[in-house]
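Report on one structure; see the data block that follows.
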Amino acid sequence: MFAFVNGEVLDQREATISVFDHGLVTGDGVFETIAVYQGRPFALKRHLDRLSRSAKGLLLSPPDLDTVREATLSVVSKSDLRDGKVRITYTAGSSSLSSDRVDTKGTLVIACEPCSFGNGSKASVSVVPWKRNEHGALSGLKTTSYAENVLALSYAKERNAQEALFSNIANRLCEGTGSNVFVVWDDTVVTPPLSDGPLAGITRELVLEKIGGAEREIPMEVFSSSMISEVFLTSTIREVQAVVQIDGKPVGNGEIGPLTREFAKAFEELKQASSD
Ligand code: PLP
């Protein structure tokens with residue numbers, strides 16, 4: 001496998017960045033994870049646009065997107081990656097060991113690896129007891145500061161769940177540590193609005209645009225009640241994945257529900273039809 005580091009494509013094992021890089025020192029950076037199907041990155045333009053939005057949100061000047069696109073394609077093809085993921089990381093660059101940004105030139109790293117995807121599979125989730133701040137400065141930005149998500153995922157794993165869900169300060173459903181969440185409420189597929197703090201997931205966006213579902217605020221009292229008949233997660237890697245258990249309790253009859261099945265099937269078709 002090959003990686004791109006600041007203008008050079010080289011063997012991943014030989015790729016290095018500075019110990020002063022602020023992606024490492026302060027977690028100051030943004031990233032994207034993009035699915036690669038049959039050697040082609042999926043929804044690349046949408047991911048590049050979000051990378052640029054996240055960088056601007058962190059007051060970093062975004063990298064040149066044509067360069068990032070070319071470098072991404074080059075890493076995937078040189079690595080001969082068929083099915084997997086490619087990750088683009090853009091950090092605040094190399095400064096010092098303090099928090100101040102000195103360098104204004106960012107570090108661009110692109111790496112890839114094979115992986116399997118979750119479309120149509122099942123997961124259990126656990127709701128973490130702490131809150132996402134929907135008004136926080138980083139809310140909605142895909143930054144490299146993922147420690148809270150990693151901690152929440154460990155919390156879920158300790159409870160035999162494969163994903164953790166966050167509620168927000170208003171005590172409404174927000175998102176997972178690496179996924180958006182959809183529920184079937186009143187026989188309708190709905191997902192929290194961006195104003196409730198979730199990341200604007202590319203899979204969420206594609207589902208809403210091309211398959212169905214609407215935005216609706218989902219109070220946690222509703223989420224934990226029998227008013228919810230199905231739940232599914234969306235993400236680049238999970239795709240459309242059914243949630244069959246929340247904190248040990250089955251959702252509906254504990255099997256994949258009919259609407260979730262329909263959405264997963266439609267997503268599979270979307271992947272096949274993609275020309276991006
Ligand atoms: N929410 C968070 C916090 C994420 O990290 C991710 C993806 O990693 C998502 C949602 C889903 O976004 P996407 O569909 O673009 O992968």
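Residue numbering restarts at 1 for every chain of the structure tokens, chains are lettered A, B, ... in their displayed order, and ligands are numbered from 1 as they appear.
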
Sorted by chain and rising residue number, list the residues of chain A at most 10 Å from ligand 1 (counting only C-alpha atoms and all ligand atoms), each with its closest atom pair and distance in Å to one decimal, as CSV.
residue,atom,partner,partner_atom_place_in_ligand_line,distance
A:Phe31,CA,ligand 1,8 (O),9.2
A:Glu32,CA,ligand 1,8 (O),7.6
A:Thr33,CA,ligand 1,16 (O),6.6
A:Ile34,CA,ligand 1,16 (O),7.3
A:Ala35,CA,ligand 1,16 (O),8.6
A:Ala43,CA,ligand 1,15 (O),9.5
A:Arg46,CA,ligand 1,15 (O),8.9
A:His47,CA,ligand 1,15 (O),7.3
A:Arg50,CA,ligand 1,15 (O),8.7
A:Ser139,CA,ligand 1,3 (C),9.4
A:Gly140,CA,ligand 1,3 (C),8.1
A:Leu141,CA,ligand 1,3 (C),8.7
A:Lys142,CA,ligand 1,5 (O),6.7
A:Thr143,CA,ligand 1,5 (O),8.8
A:Thr144,CA,ligand 1,5 (O),9.5
A:Tyr146,CA,ligand 1,5 (O),8.1
A:Glu148,CA,ligand 1,3 (C),9.9
A:Asn149,CA,ligand 1,3 (C),7.3
A:Leu165,CA,ligand 1,3 (C),9.7
A:Phe166,CA,ligand 1,3 (C),9.6
A:Cys174,CA,ligand 1,1 (N),9.0
A:Glu175,CA,ligand 1,1 (N),6.0
A:Gly176,CA,ligand 1,1 (N),5.9
A:Thr177,CA,ligand 1,3 (C),4.8
A:Gly178,CA,ligand 1,4 (C),3.4
A:Ser179,CA,ligand 1,10 (C),3.6
A:Asn180,CA,ligand 1,10 (C),4.6
A:Val181,CA,ligand 1,10 (C),8.2
A:Gly197,CA,ligand 1,1 (N),9.5
A:Pro198,CA,ligand 1,1 (N),6.0
A:Leu199,CA,ligand 1,1 (N),4.7
A:Ala200,CA,ligand 1,12 (O),6.6
A:Gly201,CA,ligand 1,12 (O),3.4
A:Ile202,CA,ligand 1,15 (O),3.7
A:Thr203,CA,ligand 1,14 (O),3.7
A:Arg204,CA,ligand 1,14 (O),5.6
A:Glu205,CA,ligand 1,14 (O),7.6
A:Leu206,CA,ligand 1,14 (O),8.5
A:Val207,CA,ligand 1,14 (O),9.5
A:Leu233,CA,ligand 1,11 (C),8.6
A:Thr234,CA,ligand 1,14 (O),5.8
A:Ser235,CA,ligand 1,14 (O),3.5
A:Thr236,CA,ligand 1,16 (O),3.7
A:Ile237,CA,ligand 1,16 (O),6.6
A:Arg238,CA,ligand 1,16 (O),8.1
A:Glu239,CA,ligand 1,14 (O),7.4
A:Val240,CA,ligand 1,14 (O),9.6

Run DSSP on the backbone and give me the residues of region 181-240 of chain A it puts in strand (DSSP E), as a tab-separated table (two decimals) with C-alpha atoms, in the first residue's frame.
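states.tsv, written as the output of this step:
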chain	number	residue	atom	x	y	z
A	181	VAL	CA	-28.71	7.53	13.08
A	182	PHE	CA	-32.15	7.09	11.51
A	183	VAL	CA	-35.30	5.81	13.21
A	184	VAL	CA	-38.75	4.73	12.08
A	185	TRP	CA	-41.23	6.81	14.06
A	188	THR	CA	-41.78	7.34	8.78
A	189	VAL	CA	-37.98	7.29	8.47
A	190	VAL	CA	-36.48	10.30	10.26
A	191	THR	CA	-33.03	11.48	11.35
A	214	ALA	CA	-36.74	13.43	6.59
A	215	GLU	CA	-35.19	15.47	9.38
A	228	ILE	CA	-39.69	3.60	17.56
A	229	SER	CA	-40.10	0.45	15.49
A	230	GLU	CA	-36.76	0.44	13.60
A	231	VAL	CA	-33.34	2.07	13.92
A	232	PHE	CA	-30.45	2.12	11.49
A	233	LEU	CA	-27.01	3.72	11.25
A	234	THR	CA	-25.44	5.29	8.19
A	235	SER	CA	-21.77	5.87	7.49
A	239	GLU	CA	-23.39	2.09	4.90
A	240	VAL	CA	-27.00	1.28	5.98

### Query
Between A:Gly106, A:Gly118, A:Ser79, A:Tyr37, which has the minimum distance to Asp64 (chain A) (counting only C-alpha atoms)?
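For Asp64 (chain A), the nearest of the given residues is A:Gly106.
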
### Query
Contacts of Thr107 (chain A) at 7 Å or less, counting only C-alpha atoms, minus same-chain residues fewer than 3 places along, as a PyMOL selection string?
chain A and resi 6+90-93

### Task
Using CA of Ala55 (chain A) and CA of Leu138 (chain A) as the two end points, give the distance in Å to one decimal.
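So the answer is 11.0 Å.
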